[in-house]
Amino acid sequence: MEETLIEEGETNKDIEVAPALIAVHPTQKSIAVAVGSDLRVFDFQGASAVSLVDDTSGPFHRDSIRAIRYSADGNLFVSAGDDKVVKIWFTESWCCICTVPSEKRVSAVALSNDSLYVCFADKFGVVWVVDLDGFDGNQMLANKKAAPLLAHYCSIITSLEFSPDGRFVISADRDFKIRVTVLPKKPLDGAHEIQNYPQGFLVSGSGDSTVRLWDISSGSLLDTCEVGAKAELLESNGKEEECNLAVTDLCTFPDDKLLEKLQGSVSVEEKVFLAAAEAVKTSMSNLLVKKQYSTEKREFRKRARNDRKIKQ
Amino acid sequence: MLENEANPTLSKSTGLPRKRFYRARAHSNPLSDSHFPVPTSPCHVDFSLHYPHFCSSSDQIDSSKKIQFADIGCGFGGLLISLSTLFPDTLMIGMELRDKVTEYVKERILALRVANPGQYQNISVVRTNSMKYIPNYFEKGQLSKMFFLFPDPHFKEKNHRRRVISTHLLDEYAYALGVGGIIYTITDVEELGDWMKACLESHPMFEALTEEELEADPVVKLLSSATEESQKVARNGGQTFQAVYRRVMLAT
């Protein structure tokens, strides 16, 4: 339930700004929007903006937010991004119950359907898991540490998903790979058994402007939809794609009313759409392209590195 | 011999390619983006190009004939060539990231096939980054042996993630290996030997082979004798450290 949208104004800003993210509460109680490092939540029931409470550390996020997501039951909300922290929020009070540090910048988050585990993926291709066992909605969870679950070989993970039956974790990376991993009983010890490279039903969108439907147990391709040809149709359906026709995000929208509330009208003006698409393109390519550091910055980073050889 | 004169890269006496024409760098960055073609999935690999002898004799697409051995980072192909005669009916493939080296192995195999009719038909080589693309070449549980002989040690802590054996990459190797499949590793760097052993030991899907099993396995002896790198180590009187583990079912 997430869609990448870009407001018109953003094209003028610094190219470093992350694409705006939108997440809708599963029962449409609220909607969360993240632009840059700013996270805002609007409560539909009270028809007012929600003020977020974060006592765990510092003032909210310090850098661009790259991933936001509600849990399946809507009780939890997770946000993470370039500031290397994952924040878990309790949606009743909109309190941040837990801030988990990450070694690297975070590119994707997911919550298991029983809301027991939060997974996040970092820029080195490692997927980490945090268990929320024992959380009852009131207390803060202090000092939670993430444990490595699995890893794509040094490849940025673009998308992370739990299968609806809770048996698998699905991760996609920028080397065009989708991996389905069996979620073990004790995820904190790591997930080692790979079920398949695509195998249930899995819908994927990729930069080759196709949307593909996969069968999870066999890994075979069931159907391919050439989005490029259908772009006109999809515009009003809540699927967003770019001028150069790379599929950036998929979303099954519960109803069109919501979109109407957001934008004033369902039909997106073509000019706005093109500007938005251009911005999505820049930010997506920024997200996926390896960061180039200037020479002096590289030297500085080298100095801070731990290259000592451990000899026992 | 006439054609050899036309092709100076082949040795006049043996007909094998000469290494001096395939001089390559010792290392290649496994993290860099790949600019060579990669098959989308195992069924997109055309193995008739690799094993023309096996594909033409049966004529139909025989699914039972799948690649069973993979030599990851095969280098100049010494192990493949020794294994080829030891297991003449098993298809095996070498995977190497360095372009020139792959070219050399390709030529070497072709020359061996010409010099020894009927032999060396079961080996081939591809240029690929096996740390990224193992699942693009092999189906789940397809392999019975995987070899990691004298991999790059990557001493710096920062570069440890480039090592070909790591806890997370072992997940992928466990995926490609069938239950009972064996993973062979050897190195002349003690630190790396310890690292590989520790990774395999802590992985729930691998168990060590017993001394007797190691003794009985003819392949184990090849580890420290067949490859160019192992011969170099032996010449210099260096020590080697090996770790041989079996793929087991994950205990539930």
# chains A, B, ... in the order shown; residues from 1 in each chain; ligands from 1
$ residues_around --residues "His61 in chain A" --least-positions-apart "4" --cutoff "8 Å" --atoms "only C-alpha atoms" --output "JSON, numbers by chain"
{"A": [37, 38, 65, 80, 81, 83, 85]}
$ residues_around --residues "Lys221 in chain B" --least-positions-apart "2" --cutoff "12 Å" --atoms "only C-alpha atoms" --output "compact mmCIF listing (two decimals) with N, CA and C atoms, in the first residue's frame"
# COMPACT_ATOMS: atom_id res chain seq x y z
N LEU B 79 42.17 -27.60 -12.35
CA LEU B 79 41.33 -28.57 -11.66
C LEU B 79 40.32 -29.20 -12.61
N SER B 82 41.88 -31.89 -14.70
CA SER B 82 42.11 -33.12 -13.96
C SER B 82 40.81 -33.86 -13.68
N LEU B 83 39.77 -33.10 -13.33
CA LEU B 83 38.48 -33.73 -13.01
C LEU B 83 37.83 -34.33 -14.24
N TYR B 184 34.22 -27.78 -1.53
CA TYR B 184 35.65 -27.92 -1.26
C TYR B 184 36.30 -26.55 -1.24
N ILE B 186 40.10 -24.54 -0.33
CA ILE B 186 41.51 -24.66 0.08
C ILE B 186 42.18 -23.32 -0.14
N LEU B 214 37.29 -37.96 3.98
CA LEU B 214 38.27 -37.15 3.25
C LEU B 214 39.31 -38.06 2.60
N GLU B 215 39.70 -39.09 3.35
CA GLU B 215 40.69 -40.04 2.87
C GLU B 215 40.18 -40.77 1.63
N ALA B 216 38.88 -41.13 1.66
CA ALA B 216 38.30 -41.94 0.59
C ALA B 216 37.97 -41.12 -0.66
N ASP B 217 37.87 -39.82 -0.52
CA ASP B 217 37.45 -38.99 -1.64
C ASP B 217 38.65 -38.69 -2.56
N PRO B 218 38.61 -39.18 -3.81
CA PRO B 218 39.75 -38.94 -4.69
C PRO B 218 39.92 -37.47 -5.05
N VAL B 219 38.84 -36.70 -4.92
CA VAL B 219 38.90 -35.30 -5.33
C VAL B 219 39.75 -34.48 -4.35
N LEU B 223 42.86 -31.21 -4.78
CA LEU B 223 42.79 -29.82 -4.31
C LEU B 223 44.18 -29.21 -4.18
N SER B 224 45.10 -30.00 -3.61
CA SER B 224 46.42 -29.44 -3.36
C SER B 224 47.42 -29.82 -4.43
N SER B 225 46.94 -30.33 -5.58
CA SER B 225 47.91 -30.69 -6.61
C SER B 225 47.51 -30.27 -8.02
N ALA B 226 46.21 -30.14 -8.27
CA ALA B 226 45.78 -29.98 -9.66
C ALA B 226 45.89 -28.55 -10.20
N THR B 227 45.61 -27.57 -9.38
CA THR B 227 45.53 -26.22 -9.94
C THR B 227 46.90 -25.58 -10.06
N SER B 230 47.97 -24.16 -6.76
CA SER B 230 48.45 -25.12 -5.76
C SER B 230 49.86 -25.59 -6.09
N GLN B 242 42.71 -26.64 4.16
CA GLN B 242 41.49 -26.97 3.43
C GLN B 242 40.31 -27.16 4.36
N VAL B 244 36.47 -29.02 3.88
CA VAL B 244 35.54 -29.73 3.00
C VAL B 244 34.28 -30.04 3.79
$ closest_atom_pairs --of "chain B" --to "chain A" --cutoff "8 Å" --atoms "only C-alpha atoms" --output "JSON lines"
{"residue": "B:Leu31", "atom": "CA", "partner": "A:Cys154", "partner_atom": "CA", "distance": 6.8}
{"residue": "B:Met131", "atom": "CA", "partner": "A:Tyr153", "partner_atom": "CA", "distance": 6.6}
{"residue": "B:Lys132", "atom": "CA", "partner": "A:Tyr153", "partner_atom": "CA", "distance": 6.1}
{"residue": "B:Pro135", "atom": "CA", "partner": "A:Tyr197", "partner_atom": "CA", "distance": 7.2}
{"residue": "B:Lys140", "atom": "CA", "partner": "A:Asn196", "partner_atom": "CA", "distance": 7.0}
{"residue": "B:Phe155", "atom": "CA", "partner": "A:Lys309", "partner_atom": "CA", "distance": 7.2}
{"residue": "B:Lys156", "atom": "CA", "partner": "A:Asp307", "partner_atom": "CA", "distance": 5.4}
{"residue": "B:Glu157", "atom": "CA", "partner": "A:Asp307", "partner_atom": "CA", "distance": 5.2}
{"residue": "B:Lys158", "atom": "CA", "partner": "A:Asp307", "partner_atom": "CA", "distance": 6.2}
{"residue": "B:Arg161", "atom": "CA", "partner": "A:Cys154", "partner_atom": "CA", "distance": 7.7}
{"residue": "B:His168", "atom": "CA", "partner": "A:Ala151", "partner_atom": "CA", "distance": 5.5}
{"residue": "B:Leu169", "atom": "CA", "partner": "A:Tyr153", "partner_atom": "CA", "distance": 7.1}
{"residue": "B:Asp171", "atom": "CA", "partner": "A:His192", "partner_atom": "CA", "distance": 5.0}
{"residue": "B:Glu172", "atom": "CA", "partner": "A:Ile194", "partner_atom": "CA", "distance": 7.1}
{"residue": "B:Ala174", "atom": "CA", "partner": "A:Glu193", "partner_atom": "CA", "distance": 7.6}
{"residue": "B:Tyr175", "atom": "CA", "partner": "A:Ile194", "partner_atom": "CA", "distance": 5.9}
{"residue": "B:Pro204", "atom": "CA", "partner": "A:His192", "partner_atom": "CA", "distance": 7.7}
{"residue": "B:Met205", "atom": "CA", "partner": "A:His192", "partner_atom": "CA", "distance": 7.6}
{"residue": "B:Leu250", "atom": "CA", "partner": "A:Glu193", "partner_atom": "CA", "distance": 7.5}
$ write_last_selection --atoms "N, CA and C atoms" --output "mmCIF file, in the first residue's frame"
data_model
loop_
_atom_site.group_PDB
_atom_site.id
_atom_site.type_symbol
_atom_site.label_atom_id
_atom_site.label_comp_id
_atom_site.auth_asym_id
_atom_site.auth_seq_id
_atom_site.Cartn_x
_atom_site.Cartn_y
_atom_site.Cartn_z
ATOM 1 N N LEU B 31 32.776 -6.426 -6.853
ATOM 2 C CA LEU B 31 31.665 -5.535 -6.520
ATOM 3 C C LEU B 31 31.250 -4.646 -7.680
ATOM 4 N N MET B 131 29.705 -14.539 -7.476
ATOM 5 C CA MET B 131 29.150 -14.059 -6.216
ATOM 6 C C MET B 131 27.797 -13.414 -6.448
ATOM 7 N N LYS B 132 27.544 -13.000 -7.663
ATOM 8 C CA LYS B 132 26.262 -12.374 -7.953
ATOM 9 C C LYS B 132 25.324 -13.295 -8.726
ATOM 10 N N PRO B 135 22.616 -18.066 -8.989
ATOM 11 C CA PRO B 135 21.241 -18.496 -9.254
ATOM 12 C C PRO B 135 20.809 -18.290 -10.698
ATOM 13 N N LYS B 140 17.789 -24.896 -8.209
ATOM 14 C CA LYS B 140 17.911 -25.293 -6.815
ATOM 15 C C LYS B 140 18.381 -26.748 -6.715
ATOM 16 N N PHE B 155 42.675 -9.294 2.578
ATOM 17 C CA PHE B 155 43.105 -9.183 3.969
ATOM 18 C C PHE B 155 42.401 -8.073 4.739
ATOM 19 N N LYS B 156 42.230 -6.935 4.090
ATOM 20 C CA LYS B 156 41.693 -5.789 4.813
ATOM 21 C C LYS B 156 40.284 -6.075 5.301
ATOM 22 N N GLU B 157 40.021 -5.593 6.478
ATOM 23 C CA GLU B 157 38.711 -5.820 7.052
ATOM 24 C C GLU B 157 37.608 -5.207 6.192
ATOM 25 N N LYS B 158 37.933 -4.061 5.626
ATOM 26 C CA LYS B 158 36.971 -3.397 4.756
ATOM 27 C C LYS B 158 36.594 -4.258 3.562
ATOM 28 N N ARG B 161 34.035 -8.325 2.837
ATOM 29 C CA ARG B 161 32.788 -8.641 2.146
ATOM 30 C C ARG B 161 33.018 -9.072 0.705
ATOM 31 N N HIS B 168 26.602 -15.248 4.368
ATOM 32 C CA HIS B 168 25.442 -14.987 3.532
ATOM 33 C C HIS B 168 25.566 -15.619 2.156
ATOM 34 N N LEU B 169 26.774 -15.635 1.599
ATOM 35 C CA LEU B 169 26.926 -16.263 0.290
ATOM 36 C C LEU B 169 26.761 -17.773 0.391
ATOM 37 N N ASP B 171 24.508 -19.217 1.935
ATOM 38 C CA ASP B 171 23.077 -19.461 1.707
ATOM 39 C C ASP B 171 22.825 -19.745 0.235
ATOM 40 N N GLU B 172 23.471 -18.961 -0.616
ATOM 41 C CA GLU B 172 23.271 -19.147 -2.052
ATOM 42 C C GLU B 172 23.893 -20.441 -2.549
ATOM 43 N N ALA B 174 24.289 -23.072 -0.732
ATOM 44 C CA ALA B 174 23.439 -24.148 -0.208
ATOM 45 C C ALA B 174 22.210 -24.322 -1.103
ATOM 46 N N TYR B 175 21.779 -23.226 -1.698
ATOM 47 C CA TYR B 175 20.641 -23.285 -2.628
ATOM 48 C C TYR B 175 21.021 -24.055 -3.899
ATOM 49 N N PRO B 204 24.185 -23.499 9.415
ATOM 50 C CA PRO B 204 23.371 -24.668 9.784
ATOM 51 C C PRO B 204 23.158 -25.667 8.643
ATOM 52 N N MET B 205 23.503 -25.304 7.412
ATOM 53 C CA MET B 205 23.245 -26.229 6.313
ATOM 54 C C MET B 205 24.510 -26.932 5.808
ATOM 55 N N LEU B 250 18.324 -28.541 6.465
ATOM 56 C CA LEU B 250 18.237 -27.621 7.588
ATOM 57 C C LEU B 250 17.387 -28.273 8.669
#
$ residues_around --residues "Gln68 in chain B" --least-positions-apart "3" --cutoff "10 Å" --atoms "only C-alpha atoms" --output "mmCIF file with C-alpha atoms, in the first residue's frame"
data_model
loop_
_atom_site.group_PDB
_atom_site.id
_atom_site.type_symbol
_atom_site.label_atom_id
_atom_site.label_comp_id
_atom_site.auth_asym_id
_atom_site.auth_seq_id
_atom_site.Cartn_x
_atom_site.Cartn_y
_atom_site.Cartn_z
ATOM 1 C CA LYS B 65 22.180 -34.215 -18.037
ATOM 2 C CA THR B 90 29.788 -35.576 -15.406
ATOM 3 C CA LEU B 91 29.252 -32.128 -16.845
ATOM 4 C CA MET B 92 31.279 -29.479 -15.103
ATOM 5 C CA ILE B 93 31.766 -25.785 -15.534
ATOM 6 C CA PHE B 138 21.992 -23.227 -11.590
ATOM 7 C CA GLY B 141 19.866 -28.351 -5.723
ATOM 8 C CA GLN B 142 21.420 -28.941 -9.127
ATOM 9 C CA LEU B 143 25.065 -29.194 -8.137
ATOM 10 C CA SER B 144 26.837 -32.019 -6.334
ATOM 11 C CA LYS B 145 30.251 -30.435 -5.948
ATOM 12 C CA MET B 146 31.445 -26.869 -5.687
ATOM 13 C CA ALA B 176 22.604 -24.440 -5.671
ATOM 14 C CA LEU B 177 23.973 -27.576 -3.999
ATOM 15 C CA GLY B 178 21.742 -30.630 -3.596
ATOM 16 C CA GLY B 181 26.591 -32.115 -2.188
#
$ select_by_dssp --residues "range 108-179 of chain A" --states "strand (DSSP E)" --output "ChimeraX atom specification"
/A:108-111,117-122,126-131,147-151,157-162,168-173,178-179
$ atom_distance --atom1 "CA of Leu222 in chain B" --atom2 "CA of Ile182 in chain B"
14.4 Å
$ atom_distance --atom1 "CA of His203 in chain B" --atom2 "CA of Gly77 in chain B"
28.7 Å
$ residues_around --residues "Lys87 in chain A" --least-positions-apart "4" --cutoff "6 Å" --atoms "only C-alpha atoms" --output "PyMOL selection string"
chain A and resi 78-79+98-99
$ closest_residue --among "B:Arg98, B:Lys66, B:Arg163, B:Arg108" --to "Thr9 in chain B" --atoms "only C-alpha atoms"
B:Arg108
$ atom_distance --atom1 "CA of Ala108 in chain A" --atom2 "CA of Val130 in chain A"
13.9 Å
$ closest_residue --among "B:Thr210, B:Thr185, B:Ser84, B:Thr167" --to "Ala198 in chain B" --atoms "only C-alpha atoms"
B:Thr167
